[in-house]
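Structure file my_file_38.txt (compact mmCIF, C-alpha atoms) is printed below.
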# COMPACT_ATOMS: atom_id res chain seq x y z
CA MET A 1 15.46 37.93 -98.47
CA SER A 2 12.72 40.49 -97.66
CA TYR A 3 10.29 41.70 -100.32
CA THR A 4 12.00 45.12 -100.45
CA GLU A 5 15.41 43.48 -100.87
CA LEU A 6 13.96 41.22 -103.58
CA ILE A 7 12.65 44.21 -105.54
CA SER A 8 15.99 46.01 -105.17
CA PHE A 9 17.82 42.90 -106.34
CA THR A 10 15.49 42.53 -109.36
CA ILE A 11 15.99 46.16 -110.39
CA MET A 12 19.76 45.76 -110.04
CA MET A 13 19.69 42.60 -112.17
CA VAL A 14 17.53 44.18 -114.89
CA THR A 15 19.73 47.25 -115.22
CA THR A 16 22.89 45.12 -115.21
CA LEU A 17 21.51 42.90 -117.96
CA GLY A 18 20.54 46.03 -119.89
CA PHE A 19 24.10 47.34 -119.64
CA ILE A 20 25.47 43.99 -120.86
CA ALA A 21 22.95 43.92 -123.74
CA PHE A 22 23.89 47.41 -124.93
CA LEU A 23 27.60 46.55 -124.79
CA MET A 24 26.97 43.40 -126.86
CA SER A 25 24.77 45.33 -129.28
CA LYS A 26 27.47 47.94 -129.85
CA SER A 27 30.30 45.41 -130.10
CA TYR A 28 28.57 43.08 -132.56
CA ARG A 29 26.46 45.75 -134.32
CA ILE A 30 23.19 43.93 -133.77
CA SER A 31 19.87 45.01 -132.28
CA SER A 32 19.70 45.08 -128.50
CA ILE A 33 16.06 43.91 -128.44
CA PRO A 34 16.55 40.14 -128.89
CA ILE A 35 19.59 40.26 -126.56
CA LEU A 36 17.52 41.90 -123.81
CA ILE A 37 14.69 39.38 -124.19
CA ILE A 38 17.03 36.37 -124.26
CA LEU A 39 18.95 37.61 -121.19
CA GLY A 40 15.63 38.06 -119.38
CA LEU A 41 14.64 34.54 -120.39
CA LEU A 42 17.98 33.10 -119.23
CA PHE A 43 18.12 34.86 -115.86
CA GLY A 44 14.38 34.51 -115.29
CA PRO A 45 12.65 31.18 -115.92
CA ILE A 46 15.79 29.23 -116.96
CA PHE A 47 18.30 30.07 -114.19
CA LYS A 48 15.55 31.34 -111.83
CA ILE A 49 17.68 34.25 -110.64
CA ILE A 50 14.92 36.81 -111.33
CA PRO A 51 11.60 35.59 -109.82
CA ARG A 52 8.99 35.14 -112.57
CA GLU A 53 6.00 36.36 -110.54
CA LEU A 54 7.83 39.44 -109.31
CA SER A 55 8.99 40.14 -112.88
CA HIS A 56 5.41 40.02 -114.08
CA HIS A 57 4.32 42.31 -111.23
CA ILE A 58 7.01 44.94 -111.92
CA PHE A 59 6.41 44.58 -115.67
CA SER A 60 2.76 45.62 -115.27
CA TYR A 61 3.95 49.00 -113.91
CA ALA A 62 7.09 49.36 -116.04
CA ARG A 63 5.12 49.01 -119.28
CA ILE A 64 2.88 51.99 -118.41
CA PHE A 65 5.73 54.25 -117.31
CA GLY A 66 7.88 53.08 -120.20
CA LEU A 67 5.29 53.53 -122.92
CA VAL A 68 4.32 57.03 -121.78
CA ILE A 69 7.89 58.35 -121.79
CA ILE A 70 8.85 56.47 -124.99
CA LEU A 71 5.84 57.78 -126.92
CA PHE A 72 6.33 61.31 -125.56
CA ALA A 73 9.96 61.30 -126.78
CA GLU A 74 8.99 59.75 -130.13
CA GLY A 75 6.41 62.49 -130.65
CA GLN A 76 9.03 65.20 -130.17
CA ASN A 77 11.23 63.59 -132.83
CA LEU A 78 8.41 63.61 -135.37
CA LYS A 79 8.88 66.55 -137.75
CA TRP A 80 5.92 67.64 -139.84
CA SER A 81 8.15 68.91 -142.63
CA LEU A 82 9.41 65.35 -143.19
CA ILE A 83 6.02 63.64 -143.35
CA LYS A 84 3.86 66.14 -145.25
CA LYS A 85 4.97 64.77 -148.61
CA HIS A 86 3.82 61.23 -147.79
CA LEU A 87 0.94 61.99 -145.45
CA THR A 88 -1.54 59.88 -147.42
CA SER A 89 0.71 56.80 -147.29
CA ILE A 90 1.28 57.21 -143.57
CA VAL A 91 -2.42 57.71 -142.77
CA LEU A 92 -3.37 54.61 -144.79
CA LEU A 93 -0.69 52.48 -143.11
CA ASP A 94 -1.72 53.63 -139.64
CA THR A 95 -5.46 53.07 -140.11
CA VAL A 96 -6.37 50.55 -142.80
CA GLY A 97 -2.96 48.86 -142.64
CA LEU A 98 -3.18 48.57 -138.86
CA LEU A 99 -6.62 46.92 -139.04
CA ILE A 100 -5.57 44.57 -141.85
CA THR A 101 -2.57 43.48 -139.77
CA ALA A 102 -4.69 42.83 -136.68
CA ILE A 103 -7.41 40.95 -138.56
CA ILE A 104 -5.21 38.69 -140.72
CA ALA A 105 -2.68 38.00 -137.94
CA GLY A 106 -5.59 37.35 -135.58
CA TRP A 107 -7.21 34.91 -138.00
CA LEU A 108 -3.93 33.03 -138.45
CA PHE A 109 -3.37 32.91 -134.68
CA SER A 110 -6.87 31.60 -133.94
CA MET A 111 -6.61 29.03 -136.75
CA ILE A 112 -3.16 27.72 -135.77
CA PHE A 113 -3.84 27.57 -132.02
CA HIS A 114 -7.50 26.51 -132.43
CA LEU A 115 -8.76 29.43 -130.37
CA PRO A 116 -11.75 31.76 -130.91
CA PHE A 117 -11.21 34.73 -133.22
CA SER A 118 -11.64 37.08 -130.24
CA ALA A 119 -8.38 35.69 -128.79
CA GLY A 120 -6.75 35.94 -132.21
CA PHE A 121 -7.86 39.54 -132.71
CA LEU A 122 -6.39 40.42 -129.31
CA PHE A 123 -3.04 38.94 -130.41
CA GLY A 124 -3.31 40.71 -133.79
CA ALA A 125 -3.97 44.06 -132.10
CA ILE A 126 -1.00 43.60 -129.77
CA ILE A 127 1.48 42.89 -132.59
CA SER A 128 -0.03 45.43 -135.03
CA ALA A 129 2.41 48.20 -134.07
CA THR A 130 5.85 48.29 -135.71
CA ASP A 131 9.11 49.49 -134.16
CA PRO A 132 11.85 50.41 -136.65
CA ALA A 133 13.97 52.23 -134.04
CA THR A 134 16.54 49.44 -134.37
CA LEU A 135 16.60 50.03 -138.14
CA ILE A 136 17.35 53.77 -138.11
CA PRO A 137 21.16 53.41 -137.69
CA LEU A 138 21.14 50.70 -140.38
CA PHE A 139 19.13 52.94 -142.72
CA LYS A 140 21.78 55.65 -142.35
CA GLN A 141 24.64 53.20 -142.76
CA HIS A 142 23.23 51.76 -146.00
CA HIS A 143 21.97 55.08 -147.43
CA VAL A 144 18.28 54.17 -147.52
CA ASP A 145 16.21 56.75 -149.41
CA GLU A 146 15.01 59.55 -147.12
CA ASP A 147 11.39 59.27 -148.34
CA ILE A 148 11.21 55.56 -147.57
CA LYS A 149 12.93 56.01 -144.20
CA THR A 150 10.49 58.79 -143.30
CA VAL A 151 7.44 56.65 -144.11
CA ILE A 152 8.66 53.61 -142.14
CA VAL A 153 9.73 55.60 -139.07
CA THR A 154 6.71 57.93 -139.01
CA GLU A 155 4.31 55.03 -139.52
CA SER A 156 5.73 53.47 -136.36
CA ILE A 157 5.49 56.65 -134.28
CA PHE A 158 1.77 56.90 -135.01
CA ASN A 159 0.88 53.21 -134.97
CA ASP A 160 2.42 52.77 -131.52
CA PRO A 161 -0.39 54.63 -129.68
CA LEU A 162 -3.01 53.50 -132.24
CA GLY A 163 -1.95 49.88 -131.71
CA ILE A 164 -2.54 50.40 -127.98
CA VAL A 165 -6.01 51.82 -128.70
CA LEU A 166 -6.78 48.79 -130.87
CA THR A 167 -5.58 46.47 -128.09
CA ILE A 168 -7.81 48.21 -125.54
CA LEU A 169 -10.72 47.78 -127.96
CA ALA A 170 -9.97 44.05 -128.28
CA VAL A 171 -9.81 43.77 -124.48
CA ALA A 172 -13.11 45.61 -124.12
CA LEU A 173 -14.80 43.18 -126.53
CA ILE A 174 -13.54 40.16 -124.56
CA ILE A 175 -13.90 41.42 -120.96
CA PRO A 176 -16.97 43.70 -120.70
CA GLN A 177 -16.41 44.07 -116.93
CA ALA A 178 -12.89 45.47 -117.38
CA THR A 179 -12.30 49.14 -116.61
CA GLU A 180 -11.15 49.66 -120.21
CA ALA A 181 -14.57 48.48 -121.45
CA HIS A 182 -16.80 50.97 -119.61
CA LEU A 183 -17.02 53.47 -122.46
CA LEU A 184 -17.62 50.77 -125.08
CA GLU A 185 -20.36 49.27 -122.91
CA SER A 186 -22.00 52.69 -122.57
CA ILE A 187 -21.97 53.27 -126.33
CA SER A 188 -23.29 49.77 -127.05
CA HIS A 189 -26.49 50.57 -125.09
CA TYR A 190 -27.49 52.81 -128.01
CA THR A 191 -26.32 50.58 -130.85
CA THR A 192 -25.02 47.07 -131.51
CA ILE A 193 -21.52 46.04 -130.43
CA TYR A 194 -19.70 46.43 -133.77
CA PRO A 195 -20.89 49.98 -134.59
CA ALA A 196 -20.10 50.77 -130.95
CA ALA A 197 -16.57 49.42 -131.47
CA VAL A 198 -16.08 51.71 -134.50
CA LEU A 199 -17.36 54.74 -132.58
CA PHE A 200 -15.17 53.82 -129.62
CA PHE A 201 -12.07 53.60 -131.84
CA LEU A 202 -12.82 56.96 -133.51
CA TYR A 203 -13.53 58.66 -130.17
CA GLU A 204 -10.26 57.39 -128.70
CA ILE A 205 -8.26 58.80 -131.62
CA ILE A 206 -10.03 62.14 -132.15
CA SER A 207 -10.44 63.06 -128.48
CA ALA A 208 -6.85 62.10 -127.64
CA LEU A 209 -5.48 64.22 -130.51
CA LEU A 210 -7.57 67.23 -129.43
CA ILE A 211 -6.69 66.94 -125.74
CA GLY A 212 -3.01 66.43 -126.56
CA ALA A 213 -2.96 69.44 -128.90
CA VAL A 214 -4.59 71.70 -126.28
CA LEU A 215 -2.25 70.53 -123.50
CA GLY A 216 0.77 70.93 -125.80
CA ILE A 217 -0.21 74.52 -126.60
CA ILE A 218 -0.75 75.28 -122.89
CA GLY A 219 2.59 73.67 -122.09
CA PHE A 220 4.37 75.84 -124.66
CA TRP A 221 2.67 78.97 -123.33
CA ILE A 222 3.79 78.21 -119.76
CA VAL A 223 7.42 77.75 -120.81
CA LYS A 224 7.28 80.93 -122.85
CA LYS A 225 5.93 82.97 -119.93
CA ILE A 226 8.07 81.51 -117.13
CA ASN A 227 11.40 81.19 -119.02
CA SER A 228 13.49 78.14 -119.84
CA ASP A 229 15.08 77.83 -116.37
CA ILE A 230 12.26 75.73 -114.95
CA TYR A 231 13.92 72.32 -114.72
CA PRO A 232 12.99 71.02 -118.18
CA GLU A 233 13.48 67.35 -117.19
CA ILE A 234 10.85 67.59 -114.44
CA TYR A 235 8.55 69.71 -116.60
CA GLY A 236 8.70 67.16 -119.40
CA LEU A 237 7.64 64.38 -117.02
CA ILE A 238 4.77 66.54 -115.74
CA MET A 239 3.55 67.11 -119.30
CA ALA A 240 3.92 63.46 -120.35
CA PHE A 241 2.29 61.87 -117.32
CA GLY A 242 -0.13 64.74 -116.77
CA GLY A 243 -1.33 64.30 -120.34
CA PHE A 244 -1.61 60.55 -119.86
CA PHE A 245 -3.60 61.02 -116.64
CA ILE A 246 -5.99 63.59 -118.14
CA GLY A 247 -6.49 61.37 -121.18
CA GLU A 248 -7.37 58.38 -119.00
CA LEU A 249 -9.79 60.53 -116.97
CA ALA A 250 -11.48 61.52 -120.22
CA LEU A 251 -11.83 57.79 -121.10
CA THR A 252 -9.56 58.26 -124.10
CA SER A 253 -6.04 57.06 -124.94
CA GLY A 254 -3.62 58.64 -122.49
CA TYR A 255 -0.77 57.22 -124.59
CA LEU A 256 -1.93 59.07 -127.70
CA VAL A 257 -2.39 62.25 -125.63
CA ALA A 258 1.25 62.02 -124.44
CA THR A 259 2.40 61.40 -128.04
CA THR A 260 0.45 64.41 -129.33
CA ILE A 261 1.90 66.71 -126.65
CA GLY A 262 5.34 65.57 -127.79
CA ILE A 263 4.45 66.31 -131.42
CA VAL A 264 3.32 69.85 -130.50
CA PHE A 265 6.55 70.45 -128.58
CA GLY A 266 8.68 69.07 -131.41
CA ASN A 267 6.93 71.23 -134.03
CA HIS A 268 6.34 74.39 -132.01
CA ASP A 269 8.09 76.56 -134.61
CA LEU A 270 5.47 75.57 -137.20
CA ILE A 271 2.46 75.66 -134.87
CA PHE A 272 3.41 79.02 -133.35
CA LYS A 273 4.60 80.75 -136.51
CA GLY A 274 4.57 84.18 -134.87
CA GLU A 275 7.34 83.01 -132.57
CA LYS A 276 9.67 82.09 -135.45
CA GLY A 277 11.23 79.46 -133.21
CA ASN A 278 11.30 80.56 -129.58
CA PRO A 279 15.02 80.36 -128.53
CA ASN A 280 14.09 79.81 -124.87
CA PHE A 281 11.83 76.93 -125.78
CA ASN A 282 14.45 75.47 -128.15
CA ALA A 283 16.98 75.36 -125.30
CA PHE A 284 14.36 73.93 -122.96
CA LEU A 285 13.27 71.30 -125.47
CA SER A 286 16.84 70.18 -126.17
CA ASP A 287 17.55 69.53 -122.47
CA GLU A 288 14.18 67.89 -121.89
CA LEU A 289 14.44 65.65 -124.95
CA LYS A 290 17.88 64.35 -123.97
CA PHE A 291 16.52 63.38 -120.56
CA SER A 292 13.40 61.76 -122.10
CA GLU A 293 15.52 59.72 -124.50
CA ILE A 294 17.69 58.45 -121.64
CA LEU A 295 14.55 57.44 -119.74
CA SER A 296 13.23 55.81 -122.94
CA GLU A 297 16.31 53.60 -123.18
CA LEU A 298 15.98 52.65 -119.51
CA ALA A 299 12.27 51.91 -120.01
CA SER A 300 13.10 49.69 -122.99
CA VAL A 301 15.55 47.72 -120.84
CA PHE A 302 12.88 47.04 -118.22
CA ILE A 303 10.19 46.19 -120.78
CA PHE A 304 12.27 43.71 -122.81
CA VAL A 305 14.17 42.08 -119.94
CA LEU A 306 11.04 41.67 -117.80
CA LEU A 307 9.14 40.37 -120.82
CA GLY A 308 11.69 37.57 -121.14
CA ALA A 309 11.71 36.95 -117.39
CA SER A 310 7.89 36.69 -117.30
CA ILE A 311 7.70 33.83 -119.79
CA ASN A 312 6.39 30.40 -118.79
CA LEU A 313 8.94 27.91 -120.17
CA GLU A 314 6.39 25.14 -120.54
CA VAL A 315 4.08 27.37 -122.56
CA ILE A 316 6.87 28.74 -124.78
CA GLY A 317 8.05 25.17 -125.40
CA ASN A 318 4.56 24.17 -126.48
CA THR A 319 4.08 27.28 -128.65
CA LEU A 320 7.57 27.60 -130.19
CA MET A 321 6.80 25.87 -133.48
CA LYS A 322 3.37 27.41 -133.98
CA GLY A 323 4.59 30.81 -132.76
CA SER A 324 7.48 30.70 -135.24
CA ILE A 325 5.07 29.92 -138.08
CA ILE A 326 2.93 32.89 -137.10
CA ALA A 327 6.00 35.15 -136.84
CA LEU A 328 7.17 34.19 -140.33
CA ALA A 329 3.65 34.62 -141.69
CA ILE A 330 3.50 38.14 -140.22
CA ILE A 331 6.81 39.02 -141.89
CA PHE A 332 6.19 37.46 -145.31
CA ILE A 333 2.38 37.53 -145.67
CA VAL A 334 0.57 39.83 -143.23
CA ARG A 335 2.85 42.86 -143.43
CA PRO A 336 3.11 42.82 -147.27
CA LEU A 337 -0.70 42.51 -147.54
CA ALA A 338 -1.23 45.38 -145.11
CA VAL A 339 1.24 47.62 -146.97
CA LEU A 340 -0.28 46.75 -150.35
CA ILE A 341 -2.79 49.59 -149.84
CA ILE A 342 -0.14 52.24 -150.63
CA LEU A 343 0.82 50.76 -154.01
CA PRO A 344 -2.14 52.29 -155.94
CA LEU A 345 -1.05 55.78 -154.80
CA LYS A 346 1.64 55.66 -157.54
CA GLN A 347 4.13 57.35 -155.24
CA TRP A 348 6.05 54.10 -154.98
CA ASP A 349 7.27 51.58 -157.51
CA PHE A 350 7.03 47.86 -156.72
CA LYS A 351 10.58 47.57 -155.37
CA GLN A 352 10.09 50.49 -153.00
CA TYR A 353 6.79 48.98 -151.83
CA LEU A 354 8.54 45.66 -151.24
CA PHE A 355 11.24 47.30 -149.11
CA ILE A 356 8.63 49.05 -146.93
CA ALA A 357 6.63 45.81 -146.69
CA LEU A 358 9.64 43.78 -145.55
CA GLU A 359 10.86 46.28 -142.96
CA GLY A 360 8.29 46.35 -140.15
CA PRO A 361 9.80 44.65 -137.08
CA ARG A 362 7.77 44.40 -133.88
CA GLY A 363 9.24 45.92 -130.73
CA VAL A 364 8.46 47.97 -127.67
CA VAL A 365 4.66 48.37 -127.86
CA PRO A 366 3.93 44.68 -128.56
CA SER A 367 6.38 43.83 -125.76
CA ALA A 368 4.68 46.19 -123.34
CA MET A 369 1.16 45.03 -124.22
CA ALA A 370 1.99 41.30 -124.47
CA GLY A 371 1.41 40.64 -120.77
CA LEU A 372 -1.87 42.58 -120.57
CA PRO A 373 -4.22 39.64 -121.34
CA LEU A 374 -2.50 37.45 -118.74
CA SER A 375 -2.59 40.27 -116.17
CA LEU A 376 -6.31 40.80 -116.74
CA GLY A 377 -6.95 37.06 -116.58
CA LEU A 378 -5.21 36.91 -113.18
CA LEU A 379 -6.99 40.06 -111.99
CA TYR A 380 -10.47 38.78 -112.87
CA HIS A 381 -9.69 35.12 -112.07
CA ASP A 382 -10.61 34.16 -115.62
CA LYS A 383 -9.02 30.78 -116.38
CA ILE A 384 -9.80 30.98 -120.10
CA LEU A 385 -8.16 34.40 -120.41
CA ILE A 386 -5.15 33.19 -118.38
CA HIS A 387 -4.76 30.32 -120.87
CA TRP A 388 -5.08 32.70 -123.83
CA GLY A 389 -2.77 35.19 -122.12
CA GLU A 390 0.06 32.68 -121.70
CA ILE A 391 -0.12 31.73 -125.39
CA ILE A 392 -0.36 35.36 -126.52
CA LEU A 393 2.60 36.35 -124.33
CA SER A 394 4.81 33.55 -125.69
CA SER A 395 3.74 34.06 -129.32
CA THR A 396 4.37 37.80 -129.08
CA LEU A 397 7.85 37.20 -127.69
CA ILE A 398 8.66 34.76 -130.50
CA THR A 399 7.31 37.19 -133.11
CA ILE A 400 9.40 40.07 -131.76
CA ILE A 401 12.65 38.09 -131.66
CA ILE A 402 12.26 36.56 -135.13
CA SER A 403 11.07 39.79 -136.80
CA VAL A 404 13.86 41.93 -135.30
CA ILE A 405 16.61 39.43 -136.13
CA ILE A 406 15.49 38.81 -139.72
CA GLU A 407 14.57 42.40 -140.57
CA THR A 408 17.81 43.86 -139.26
CA ILE A 409 20.02 41.22 -140.90
CA TRP A 410 18.65 41.73 -144.40
CA VAL A 411 18.55 45.57 -144.48
CA LYS A 412 21.82 45.77 -146.47
CA TYR A 413 20.74 43.05 -148.91
CA LEU A 414 17.28 44.56 -149.51
CA ALA A 415 18.70 48.06 -149.87
CA ASN A 416 21.17 46.87 -152.53
CA LYS A 417 18.62 44.77 -154.41
CA LEU A 418 15.53 46.99 -154.19
CA LEU A 419 16.86 50.53 -153.77
CA LYS A 420 20.06 50.39 -155.81
CA LYS A 421 19.25 53.42 -157.98
CA ASN A 422 18.27 55.52 -154.99
CA ILE A 423 21.45 54.50 -153.14
CA HIS A 424 23.65 55.60 -156.05
CA ARG A 425 21.73 58.87 -156.26
CA ILE A 426 22.15 59.56 -152.52
CA LYS A 427 25.85 58.61 -152.55
CA GLY A 428 26.42 60.81 -155.58
CA SER A 429 24.74 63.81 -154.01
CA THR A 430 26.72 63.21 -150.78
CA GLU A 431 30.03 63.18 -152.68
CA MET A 432 29.10 66.38 -154.49
CA VAL A 433 28.42 68.05 -151.16
For this file, write the structure as structure tokens.
Amino acid sequence: MSYTELISFTIMMVTTLGFIAFLMSKSYRISSIPILIILGLLFGPIFKIIPRELSHHIFSYARIFGLVIILFAEGQNLKWSLIKKHLTSIVLLDTVGLLITAIIAGWLFSMIFHLPFSAGFLFGAIISATDPATLIPLFKQHHVDEDIKTVIVTESIFNDPLGIVLTILAVALIIPQATEAHLLESISHYTTIYPAAVLFFLYEIISALLIGAVLGIIGFWIVKKINSDIYPEIYGLIMAFGGFFIGELALTSGYLVATTIGIVFGNHDLIFKGEKGNPNFNAFLSDELKFSEILSELASVFIFVLLGASINLEVIGNTLMKGSIIALAIIFIVRPLAVLIILPLKQWDFKQYLFIALEGPRGVVPSAMAGLPLSLGLLYHDKILIHWGEIILSSTLITIIISVIIETIWVKYLANKLLKKNIHRIKGSTEMV
């Protein structure tokens, strides 16, 4: 089989497995994420139908394409009117909470696997982002309070790109020669490494938000002037990947730039109040968003299936017990500690806090970033980083599977036990309507 035929075969297998996973997910009403990963694991390293090395190669490109389009679509679905009420909670969770998650999870990882904290912090940064997309249908089904649902979902939309920024920072601290480390190295010439890391993190966030906002405004202006008949699907891809490219050129987070452009598009009626909701742009945005969401689902298939197919069976066998301990610790210790910062705000009682703390599954961003350390280790021929990368990849996979399974299974139970009053209130108001 030629290399071209092998790639075509791999793409066919991945999409077929994705189709099977979605059918199983719909039939059995369970999350598609663990199904996709397990199918990738079965048809990759176990049955050896999908070549592991080719999977890893395609994965390195699929994760970039996938993350850009997923974050762009997520940004468009983020409505300012829904988050303004709990802005303080969301900001705390996506800054302090993100760092607490990375540090404590990193410390546990380095302690359990007997690795340096730098390796642990890299793992902690990779799994710091949450992904409650699988929970949204369950939240609706079990009448979860709108305020709580808004906080959990919005936290994820913002911590996805911020988790990537934190991962790039961790990479820059470990591999100074990496392309991602150039800006940090430049800043560290004028200060020590840790103040440089703080400045680097702040620059990545602030500059990406500004660039994304400017590009989003320009994008809206172009649509307004040209009309909505400009192939919205193609235009959306131009904006998403153009924003990503410009962000990377500016040595900032292209992922956060793409997310911010999506946020501007999704909230154009508030940002451009004089327009009072441009009907042409509304029609354009509706068509573009449908296309972006379809691409997002396809990207998720490639990310999760190829993640499973890229796993080294020997490494996952050696890390299964320790990785499971870490996964459970993240669910029951790390996440609750990270979310504890919102309790003093007095917007939430203890039961509401507990529900938010126990509903933070890991998903697409950890999956997409999981193979980065191994890829960099192979690129720079760094045997130590290759060793760390294999362990991080396997541990991330285990964490994703366990967190998604547990945190989707107990949604109904937690909603009944912790949010019973709110459920009755919502049901009552629904019946009145």
Tell me which protein, DNA and RNA residues are within 10 Å of Ile263 (chain A), counting only C-alpha atoms, leaving out same-chain ones fewer than 5 positions away, and put them as a list of chain:residue names.
A:Leu71, A:Phe72, A:Ala73, A:Glu74, A:Gly75, A:Gln76, A:Asn77, A:Leu78, A:Lys79, A:Trp80, A:Gly212, A:Ala213, A:Gly216, A:Val257, A:Ala258, A:His268
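With all atoms listed in the file as the basis for measurement, A:Ile148 is the residue among A:Ile174, A:Ile148, A:Ile7, A:Ala119 that approaches Ile83 (chain A) most closely.
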Report as a list in words all protein, DNA and RNA residues lying within 7 Å of Thr396 (chain A), evaluated on all atoms listed in the file, omitting residues in the same chain fewer than 4 positions from it.
Ile127, Pro366, Ala370, Ile392 and Ile400 of chain A
Quick one: everything within 9 Å of Ile342 (chain A), counting only C-alpha atoms, minus sequence neighbours fewer than 2 positions away in the same chain. Send it as a PyMOL selection string.
chain A and resi 88-90+92-93+338-340+344-348+353
What are the closest atom pairs, with distances in Å to one decimal, for each residue of region 322-358 of chain A lying within 12 Å of region 311-316 of chain A, using all atoms listed in the file, rows by chain and rising residue number, as a tab-separated table?
residue	atom	partner	partner_atom	distance
A:Lys322	CA	A:Ile316	CA	9.9
A:Gly323	CA	A:Ile316	CA	8.6
A:Ser324	CA	A:Ile316	CA	10.7
Write the selection just made, keeping C-alpha atoms, as a PDB file, keeping the file's coordinate frame?
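File again_10.pdb, as written:
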ATOM      1  CA  LYS A 322       3.370  27.410-133.980  1.00  0.00           C
ATOM      2  CA  GLY A 323       4.590  30.810-132.760  1.00  0.00           C
ATOM      3  CA  SER A 324       7.480  30.700-135.240  1.00  0.00           C
TER       4      SER A 324
END
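In terms of minimum interatomic distance to Ala133 (chain A), A:Arg362 ranks closest within A:His56, A:Arg362, A:Lys420, A:Lys351, counting all atoms listed in the file.
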